[in-house]
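S.K.: As input, take protein.json (JSON, N, CA and C atoms):
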```
[["chain", "number", "residue", "atom", "x", "y", "z"],
["I", 1, "MET", "N", -48.60, 51.33, -27.55],
["I", 1, "MET", "CA", -48.57, 50.29, -26.55],
["I", 1, "MET", "C", -47.79, 49.08, -27.06],
["I", 2, "PHE", "N", -47.88, 48.76, -28.30],
["I", 2, "PHE", "CA", -47.16, 47.63, -28.87],
["I", 2, "PHE", "C", -45.66, 47.89, -28.85],
["I", 3, "LYS", "N", -45.27, 49.15, -29.11],
["I", 3, "LYS", "CA", -43.85, 49.49, -29.10],
["I", 3, "LYS", "C", -43.27, 49.35, -27.69],
["I", 4, "LYS", "N", -44.03, 49.67, -26.69],
["I", 4, "LYS", "CA", -43.56, 49.57, -25.33],
["I", 4, "LYS", "C", -43.28, 48.11, -24.97],
["I", 5, "LYS", "N", -44.14, 47.21, -25.34],
["I", 5, "LYS", "CA", -43.94, 45.79, -25.08],
["I", 5, "LYS", "C", -42.74, 45.28, -25.87],
["I", 6, "ASN", "N", -42.59, 45.75, -27.08],
["I", 6, "ASN", "CA", -41.47, 45.32, -27.90],
["I", 6, "ASN", "C", -40.15, 45.76, -27.27],
["I", 7, "ASN", "N", -40.09, 46.98, -26.75],
["I", 7, "ASN", "CA", -38.88, 47.46, -26.09],
["I", 7, "ASN", "C", -38.61, 46.66, -24.81],
["I", 8, "GLU", "N", -39.67, 46.33, -24.08],
["I", 8, "GLU", "CA", -39.50, 45.51, -22.87],
["I", 8, "GLU", "C", -38.99, 44.12, -23.23],
["I", 9, "ASN", "N", -39.51, 43.56, -24.30],
["I", 9, "ASN", "CA", -39.05, 42.23, -24.74],
["I", 9, "ASN", "C", -37.58, 42.27, -25.15],
["I", 10, "ILE", "N", -37.19, 43.33, -25.83],
["I", 10, "ILE", "CA", -35.79, 43.46, -26.25],
["I", 10, "ILE", "C", -34.90, 43.61, -25.03],
["I", 11, "THR", "N", -35.35, 44.37, -24.03],
["I", 11, "THR", "CA", -34.57, 44.57, -22.80],
["I", 11, "THR", "C", -34.40, 43.23, -22.06],
["I", 12, "VAL", "N", -35.49, 42.49, -21.95],
["I", 12, "VAL", "CA", -35.44, 41.19, -21.29],
["I", 12, "VAL", "C", -34.54, 40.24, -22.07],
["I", 13, "LEU", "N", -34.64, 40.27, -23.39],
["I", 13, "LEU", "CA", -33.81, 39.43, -24.23],
["I", 13, "LEU", "C", -32.33, 39.77, -24.07],
["I", 14, "ASN", "N", -32.01, 41.05, -24.03],
["I", 14, "ASN", "CA", -30.62, 41.48, -23.82],
["I", 14, "ASN", "C", -30.10, 41.04, -22.45],
["I", 15, "GLU", "N", -30.95, 41.14, -21.43],
["I", 15, "GLU", "CA", -30.55, 40.69, -20.09],
["I", 15, "GLU", "C", -30.28, 39.20, -20.09],
["I", 16, "ASN", "N", -31.14, 38.44, -20.76],
["I", 16, "ASN", "CA", -30.94, 36.99, -20.84],
["I", 16, "ASN", "C", -29.65, 36.65, -21.60],
["I", 17, "ILE", "N", -29.38, 37.38, -22.66],
["I", 17, "ILE", "CA", -28.15, 37.15, -23.45],
["I", 17, "ILE", "C", -26.92, 37.46, -22.59],
["I", 18, "ASN", "N", -26.96, 38.56, -21.85],
["I", 18, "ASN", "CA", -25.84, 38.91, -20.97],
["I", 18, "ASN", "C", -25.64, 37.85, -19.89],
["I", 19, "TYR", "N", -26.75, 37.35, -19.33],
["I", 19, "TYR", "CA", -26.67, 36.30, -18.32],
["I", 19, "TYR", "C", -26.03, 35.04, -18.90],
["I", 20, "LEU", "N", -26.43, 34.67, -20.10],
["I", 20, "LEU", "CA", -25.87, 33.49, -20.75],
["I", 20, "LEU", "C", -24.39, 33.68, -21.07],
["I", 21, "LYS", "N", -24.01, 34.88, -21.50],
["I", 21, "LYS", "CA", -22.60, 35.16, -21.75],
["I", 21, "LYS", "C", -21.77, 35.00, -20.47],
["I", 22, "ASN", "N", -22.29, 35.51, -19.36],
["I", 22, "ASN", "CA", -21.58, 35.37, -18.09],
["I", 22, "ASN", "C", -21.46, 33.90, -17.69],
["I", 23, "CYS", "N", -22.53, 33.14, -17.88],
["I", 23, "CYS", "CA", -22.49, 31.72, -17.56],
["I", 23, "CYS", "C", -21.46, 30.99, -18.43],
["I", 24, "ILE", "N", -21.42, 31.30, -19.69],
["I", 24, "ILE", "CA", -20.46, 30.67, -20.61],
["I", 24, "ILE", "C", -19.04, 31.05, -20.22],
["I", 25, "ASP", "N", -18.82, 32.31, -19.86],
["I", 25, "ASP", "CA", -17.48, 32.74, -19.43],
["I", 25, "ASP", "C", -17.05, 32.00, -18.16],
["I", 26, "ASN", "N", -17.97, 31.87, -17.21],
["I", 26, "ASN", "CA", -17.64, 31.14, -15.97],
["I", 26, "ASN", "C", -17.34, 29.68, -16.26],
["I", 27, "LEU", "N", -18.11, 29.07, -17.14],
["I", 27, "LEU", "CA", -17.88, 27.68, -17.52],
["I", 27, "LEU", "C", -16.54, 27.53, -18.21],
["I", 28, "ASN", "N", -16.20, 28.45, -19.08],
["I", 28, "ASN", "CA", -14.92, 28.42, -19.78],
["I", 28, "ASN", "C", -13.76, 28.54, -18.80],
["I", 29, "LYS", "N", -13.87, 29.43, -17.81],
["I", 29, "LYS", "CA", -12.82, 29.58, -16.80],
["I", 29, "LYS", "C", -12.67, 28.30, -15.97],
["I", 30, "ALA", "N", -13.79, 27.68, -15.63],
["I", 30, "ALA", "CA", -13.74, 26.44, -14.84],
["I", 30, "ALA", "C", -13.07, 25.31, -15.63],
["I", 31, "ILE", "N", -13.35, 25.23, -16.91],
["I", 31, "ILE", "CA", -12.74, 24.20, -17.76],
["I", 31, "ILE", "C", -11.24, 24.45, -17.89],
["I", 32, "GLU", "N", -10.84, 25.71, -18.02],
["I", 32, "GLU", "CA", -9.41, 26.03, -18.11],
["I", 32, "GLU", "C", -8.69, 25.68, -16.82],
["I", 33, "LYS", "N", -9.32, 25.94, -15.67],
["I", 33, "LYS", "CA", -8.70, 25.62, -14.39],
["I", 33, "LYS", "C", -8.56, 24.11, -14.20],
["I", 34, "SER", "N", -9.50, 23.33, -14.70],
["I", 34, "SER", "CA", -9.47, 21.88, -14.50],
["I", 34, "SER", "C", -8.47, 21.19, -15.42],
["I", 35, "ARG", "N", -7.97, 21.89, -16.42],
["I", 35, "ARG", "CA", -6.96, 21.38, -17.35],
["I", 35, "ARG", "C", -7.43, 20.10, -18.05],
["I", 36, "ILE", "N", -8.68, 20.04, -18.39],
["I", 36, "ILE", "CA", -9.24, 18.87, -19.07],
["I", 36, "ILE", "C", -8.59, 18.68, -20.43],
["I", 37, "TYR", "N", -8.28, 19.77, -21.10],
["I", 37, "TYR", "CA", -7.70, 19.67, -22.44],
["I", 37, "TYR", "C", -6.35, 18.95, -22.39],
["I", 38, "GLU", "N", -5.51, 19.31, -21.41],
["I", 38, "GLU", "CA", -4.21, 18.65, -21.29],
["I", 38, "GLU", "C", -4.38, 17.17, -20.95],
["I", 39, "PHE", "N", -5.34, 16.88, -20.08],
["I", 39, "PHE", "CA", -5.60, 15.48, -19.72],
["I", 39, "PHE", "C", -6.05, 14.68, -20.93],
["I", 40, "SER", "N", -6.91, 15.27, -21.74],
["I", 40, "SER", "CA", -7.39, 14.54, -22.92],
["I", 40, "SER", "C", -6.26, 14.32, -23.93],
["I", 41, "GLU", "N", -5.29, 15.23, -23.99],
["I", 41, "GLU", "CA", -4.14, 15.03, -24.88],
["I", 41, "GLU", "C", -3.30, 13.85, -24.42],
["I", 42, "VAL", "N", -3.09, 13.73, -23.11],
["I", 42, "VAL", "CA", -2.28, 12.63, -22.58],
["I", 42, "VAL", "C", -3.00, 11.30, -22.77],
["I", 43, "VAL", "N", -4.28, 11.26, -22.49],
["I", 43, "VAL", "CA", -5.04, 10.02, -22.63],
["I", 43, "VAL", "C", -5.14, 9.61, -24.10],
["I", 44, "GLY", "N", -5.25, 10.58, -24.97],
["I", 44, "GLY", "CA", -5.36, 10.28, -26.39],
["I", 44, "GLY", "C", -4.06, 9.80, -27.01],
["I", 45, "ASN", "N", -2.93, 10.12, -26.42],
["I", 45, "ASN", "CA", -1.63, 9.73, -26.94],
["I", 45, "ASN", "C", -1.04, 8.65, -26.03],
["I", 46, "SER", "N", -1.05, 7.41, -26.50],
["I", 46, "SER", "CA", -0.63, 6.29, -25.65],
["I", 46, "SER", "C", 0.86, 6.35, -25.32],
["I", 47, "LYS", "N", 1.69, 6.86, -26.22],
["I", 47, "LYS", "CA", 3.13, 6.96, -25.93],
["I", 47, "LYS", "C", 3.38, 7.91, -24.77],
["I", 48, "LYS", "N", 2.70, 9.06, -24.78],
["I", 48, "LYS", "CA", 2.85, 10.02, -23.69],
["I", 48, "LYS", "C", 2.39, 9.41, -22.37],
["I", 49, "MET", "N", 1.28, 8.68, -22.43],
["I", 49, "MET", "CA", 0.74, 8.10, -21.22],
["I", 49, "MET", "C", 1.67, 7.03, -20.66],
["I", 50, "ILE", "N", 2.25, 6.20, -21.53],
["I", 50, "ILE", "CA", 3.17, 5.16, -21.07],
["I", 50, "ILE", "C", 4.41, 5.79, -20.46],
["I", 51, "LEU", "N", 4.98, 6.79, -21.13],
["I", 51, "LEU", "CA", 6.17, 7.45, -20.59],
["I", 51, "LEU", "C", 5.88, 8.15, -19.27],
["I", 52, "LYS", "N", 4.75, 8.81, -19.19],
["I", 52, "LYS", "CA", 4.39, 9.51, -17.96],
["I", 52, "LYS", "C", 4.22, 8.51, -16.81],
["I", 53, "ASN", "N", 3.54, 7.41, -17.05],
["I", 53, "ASN", "CA", 3.35, 6.41, -16.01],
["I", 53, "ASN", "C", 4.66, 5.73, -15.64],
["I", 54, "PHE", "N", 5.53, 5.48, -16.62],
["I", 54, "PHE", "CA", 6.82, 4.85, -16.35],
["I", 54, "PHE", "C", 7.67, 5.72, -15.43],
["I", 55, "PHE", "N", 7.83, 6.99, -15.82],
["I", 55, "PHE", "CA", 8.64, 7.89, -15.00],
["I", 55, "PHE", "C", 8.00, 8.14, -13.64],
["I", 56, "SER", "N", 6.70, 8.18, -13.59],
["I", 56, "SER", "CA", 6.02, 8.33, -12.31],
["I", 56, "SER", "C", 6.34, 7.15, -11.40],
["I", 57, "GLY", "N", 6.30, 5.94, -11.94],
["I", 57, "GLY", "CA", 6.62, 4.76, -11.15],
["I", 57, "GLY", "C", 8.07, 4.73, -10.71],
["I", 58, "VAL", "N", 8.98, 5.13, -11.60],
["I", 58, "VAL", "CA", 10.41, 5.16, -11.24],
["I", 58, "VAL", "C", 10.64, 6.15, -10.09],
["I", 59, "PHE", "N", 10.09, 7.35, -10.21],
["I", 59, "PHE", "CA", 10.31, 8.35, -9.17],
["I", 59, "PHE", "C", 9.64, 7.97, -7.86],
["I", 60, "LYS", "N", 8.48, 7.31, -7.93],
["I", 60, "LYS", "CA", 7.85, 6.85, -6.70],
["I", 60, "LYS", "C", 8.71, 5.80, -6.02],
["I", 61, "GLY", "N", 9.26, 4.88, -6.79],
["I", 61, "GLY", "CA", 10.13, 3.85, -6.23],
["I", 61, "GLY", "C", 11.37, 4.43, -5.59],
["I", 62, "VAL", "N", 12.01, 5.37, -6.26],
["I", 62, "VAL", "CA", 13.20, 6.02, -5.71],
["I", 62, "VAL", "C", 12.82, 6.80, -4.44],
["I", 63, "GLY", "N", 11.70, 7.47, -4.47],
["I", 63, "GLY", "CA", 11.26, 8.24, -3.29],
["I", 63, "GLY", "C", 10.98, 7.34, -2.10],
["I", 64, "ILE", "N", 10.36, 6.19, -2.34],
["I", 64, "ILE", "CA", 10.10, 5.26, -1.25],
["I", 64, "ILE", "C", 11.41, 4.73, -0.69],
["I", 65, "GLY", "N", 12.35, 4.39, -1.57],
["I", 65, "GLY", "CA", 13.65, 3.89, -1.11],
["I", 65, "GLY", "C", 14.39, 4.90, -0.28],
["I", 66, "VAL", "N", 14.47, 6.13, -0.75],
["I", 66, "VAL", "CA", 15.19, 7.19, -0.02],
["I", 66, "VAL", "C", 14.48, 7.50, 1.29],
["I", 67, "GLY", "N", 13.16, 7.57, 1.25],
["I", 67, "GLY", "CA", 12.40, 7.85, 2.47],
["I", 67, "GLY", "C", 12.58, 6.77, 3.51],
["I", 68, "PHE", "N", 12.55, 5.50, 3.09],
["I", 68, "PHE", "CA", 12.74, 4.39, 4.02],
["I", 68, "PHE", "C", 14.13, 4.44, 4.63],
["I", 69, "TYR", "N", 15.12, 4.76, 3.81],
["I", 69, "TYR", "CA", 16.50, 4.84, 4.29],
["I", 69, "TYR", "C", 16.63, 5.94, 5.34],
["I", 70, "ILE", "N", 16.05, 7.09, 5.10],
["I", 70, "ILE", "CA", 16.15, 8.23, 6.03],
["I", 70, "ILE", "C", 15.44, 7.90, 7.34],
["I", 71, "ILE", "N", 14.24, 7.34, 7.24],
["I", 71, "ILE", "CA", 13.48, 7.01, 8.46],
["I", 71, "ILE", "C", 14.21, 5.94, 9.27],
["I", 72, "THR", "N", 14.78, 4.94, 8.59],
["I", 72, "THR", "CA", 15.52, 3.90, 9.30],
["I", 72, "THR", "C", 16.74, 4.49, 9.99],
["I", 73, "ALA", "N", 17.45, 5.40, 9.33],
["I", 73, "ALA", "CA", 18.61, 6.04, 9.93],
["I", 73, "ALA", "C", 18.21, 6.85, 11.17],
["I", 74, "ILE", "N", 17.10, 7.55, 11.09],
["I", 74, "ILE", "CA", 16.63, 8.33, 12.25],
["I", 74, "ILE", "C", 16.27, 7.41, 13.40],
["I", 75, "VAL", "N", 15.59, 6.30, 13.11],
["I", 75, "VAL", "CA", 15.22, 5.35, 14.16],
["I", 75, "VAL", "C", 16.47, 4.77, 14.82],
["I", 76, "ILE", "N", 17.47, 4.41, 14.03],
["I", 76, "ILE", "CA", 18.71, 3.86, 14.60],
["I", 76, "ILE", "C", 19.42, 4.90, 15.47],
["I", 77, "LEU", "N", 19.43, 6.15, 15.02],
["I", 77, "LEU", "CA", 20.04, 7.21, 15.84],
["I", 77, "LEU", "C", 19.30, 7.38, 17.16],
["I", 78, "LEU", "N", 17.96, 7.34, 17.11],
["I", 78, "LEU", "CA", 17.17, 7.45, 18.34],
["I", 78, "LEU", "C", 17.43, 6.27, 19.27],
["I", 79, "LEU", "N", 17.53, 5.07, 18.70],
["I", 79, "LEU", "CA", 17.80, 3.89, 19.52],
["I", 79, "LEU", "C", 19.19, 3.99, 20.15],
["I", 80, "ASN", "N", 20.18, 4.46, 19.41],
["I", 80, "ASN", "CA", 21.52, 4.65, 19.97],
["I", 80, "ASN", "C", 21.49, 5.66, 21.12],
["I", 81, "TYR", "N", 20.70, 6.72, 20.94],
["I", 81, "TYR", "CA", 20.58, 7.73, 22.00],
["I", 81, "TYR", "C", 19.96, 7.12, 23.25],
["I", 82, "ILE", "N", 18.93, 6.28, 23.07],
["I", 82, "ILE", "CA", 18.28, 5.64, 24.21],
["I", 82, "ILE", "C", 19.25, 4.70, 24.91],
["I", 83, "VAL", "N", 20.07, 4.00, 24.15],
["I", 83, "VAL", "CA", 21.07, 3.11, 24.75],
["I", 83, "VAL", "C", 22.06, 3.92, 25.58],
["I", 84, "LYS", "N", 22.45, 5.09, 25.09],
["I", 84, "LYS", "CA", 23.40, 5.92, 25.81],
["I", 84, "LYS", "C", 22.81, 6.46, 27.11],
["I", 85, "LEU", "N", 21.48, 6.56, 27.18],
["I", 85, "LEU", "CA", 20.84, 6.99, 28.42],
["I", 85, "LEU", "C", 20.96, 5.93, 29.50],
["I", 86, "ASN", "N", 21.27, 4.69, 29.07],
["I", 86, "ASN", "CA", 21.53, 3.58, 29.98],
["I", 86, "ASN", "C", 20.31, 3.25, 30.85],
["I", 87, "ILE", "N", 19.17, 3.11, 30.24],
["I", 87, "ILE", "CA", 17.97, 2.66, 30.94],
["I", 87, "ILE", "C", 18.09, 1.14, 31.08],
["I", 88, "PRO", "N", 17.95, 0.61, 32.29],
["I", 88, "PRO", "CA", 18.28, -0.81, 32.53],
["I", 88, "PRO", "C", 17.50, -1.81, 31.69],
["I", 89, "VAL", "N", 16.20, -1.78, 31.70],
["I", 89, "VAL", "CA", 15.40, -2.81, 31.02],
["I", 89, "VAL", "C", 15.36, -2.58, 29.52],
["I", 90, "ILE", "N", 15.07, -1.38, 29.12],
["I", 90, "ILE", "CA", 14.91, -1.06, 27.70],
["I", 90, "ILE", "C", 16.26, -1.07, 27.00],
["I", 91, "GLY", "N", 17.29, -0.62, 27.68],
["I", 91, "GLY", "CA", 18.60, -0.50, 27.09],
["I", 91, "GLY", "C", 19.15, -1.81, 26.57],
["I", 92, "LYS", "N", 18.93, -2.91, 27.29],
["I", 92, "LYS", "CA", 19.45, -4.21, 26.86],
["I", 92, "LYS", "C", 18.82, -4.65, 25.54],
["I", 93, "TYR", "N", 17.49, -4.51, 25.44],
["I", 93, "TYR", "CA", 16.80, -4.91, 24.21],
["I", 93, "TYR", "C", 17.21, -4.04, 23.03],
["I", 94, "ILE", "N", 17.31, -2.77, 23.28],
["I", 94, "ILE", "CA", 17.68, -1.86, 22.21],
["I", 94, "ILE", "C", 19.13, -2.11, 21.78],
["I", 95, "THR", "N", 20.00, -2.40, 22.74],
["I", 95, "THR", "CA", 21.38, -2.72, 22.40],
["I", 95, "THR", "C", 21.44, -3.93, 21.48],
["I", 96, "ASP", "N", 20.65, -4.95, 21.80],
["I", 96, "ASP", "CA", 20.60, -6.14, 20.95],
["I", 96, "ASP", "C", 20.12, -5.80, 19.54],
["I", 97, "ILE", "N", 19.08, -4.98, 19.45],
["I", 97, "ILE", "CA", 18.54, -4.60, 18.14],
["I", 97, "ILE", "C", 19.58, -3.82, 17.34],
["I", 98, "VAL", "N", 20.24, -2.87, 17.98],
["I", 98, "VAL", "CA", 21.24, -2.05, 17.30],
["I", 98, "VAL", "C", 22.41, -2.92, 16.84],
["I", 99, "GLU", "N", 22.83, -3.87, 17.68],
["I", 99, "GLU", "CA", 23.92, -4.77, 17.29],
["I", 99, "GLU", "C", 23.54, -5.63, 16.09],
["I", 100, "ILE", "N", 22.30, -6.12, 16.07],
["I", 100, "ILE", "CA", 21.83, -6.92, 14.93],
["I", 100, "ILE", "C", 21.84, -6.07, 13.65],
["I", 101, "VAL", "N", 21.36, -4.85, 13.75],
["I", 101, "VAL", "CA", 21.30, -3.97, 12.58],
["I", 101, "VAL", "C", 22.71, -3.64, 12.11],
["I", 102, "GLU", "N", 23.60, -3.34, 13.05],
["I", 102, "GLU", "CA", 24.98, -3.01, 12.69],
["I", 102, "GLU", "C", 25.68, -4.22, 12.03],
["I", 103, "PHE", "N", 25.42, -5.41, 12.57],
["I", 103, "PHE", "CA", 26.04, -6.62, 12.03],
["I", 103, "PHE", "C", 25.53, -6.88, 10.60],
["I", 104, "ASN", "N", 24.24, -6.70, 10.37],
["I", 104, "ASN", "CA", 23.66, -6.95, 9.04],
["I", 104, "ASN", "C", 24.02, -5.86, 8.03],
["I", 105, "ARG", "N", 24.35, -4.71, 8.50],
["I", 105, "ARG", "CA", 24.74, -3.63, 7.61],
["I", 105, "ARG", "C", 26.11, -3.86, 7.02],
["I", 106, "ARG", "N", 26.95, -4.57, 7.71],
["I", 106, "ARG", "CA", 28.31, -4.83, 7.23],
["I", 106, "ARG", "C", 28.30, -6.05, 6.43]]
```
Show me this structure written as structure tokens.
M.R.:
Amino acid sequence: MFKKKNNENITVLNENINYLKNCIDNLNKAIEKSRIYEFSEVVGNSKKMILKNFFSGVFKGVGIGVGFYIITAIVILLLNYIVKLNIPVIGKYITDIVEIVEFNRR
């Protein structure tokens, strides 16, 4: 009877060990997906962090400038199209706006 309980205890212990191994594997996969190690390397190295933030700021600034230029060009093209439709009330105001923009562009 004692041997039977001992075998049951070993079986339960093995099941618990397997469960813990699976939990550790899942935790390890989650940590790898979150890339915490790479983040800690960047935070720990101030030169890397400064360079990364500098280039990030430069590219954001360039992106905002290019995006603003493209959107403004599209708006001006749309306004020119509306002027060509020759709508009486709206056309006069839009013509004035387009003329101001064209004058300031030169």
S.K.: Could you please determine the separation between atom CA of Ile70 of chain I and atom CA of Glu102 of chain I in Å, to one decimal place?
M.R.: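 Rounded to one decimal, the two atoms are 15.8 Å apart.
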S.K.: So that I can see what lies close to Val101 of chain I, please list as a list in words the residues with an atom at most 12 Å from it, counting only C-alpha atoms and leaving out residues fewer than 3 positions away in the same chain.
M.R.: Thr72, Ala73, Val75, Ile76, Leu77, Leu79, Asn80, Ile94, Thr95, Asp96, Ile97, Val98, Asn104, Arg105 and Arg106 of chain I
S.K.: At what distance in Å, to one decimal, does atom N of Gly57 of chain I lie from atom C of Asn45 of chain I?
M.R.: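 Going from atom C of Asn45 of chain I over to atom N of Gly57 of chain I, I get 16.1 Å.
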S.K.: Just to confirm, what's the straight-line distance from atom N of Phe54 of chain I to atom C of Val42 of chain I in Å (one decimal)?
M.R.: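 Going from atom N of Phe54 of chain I over to atom C of Val42 of chain I covers 12.0 Å.
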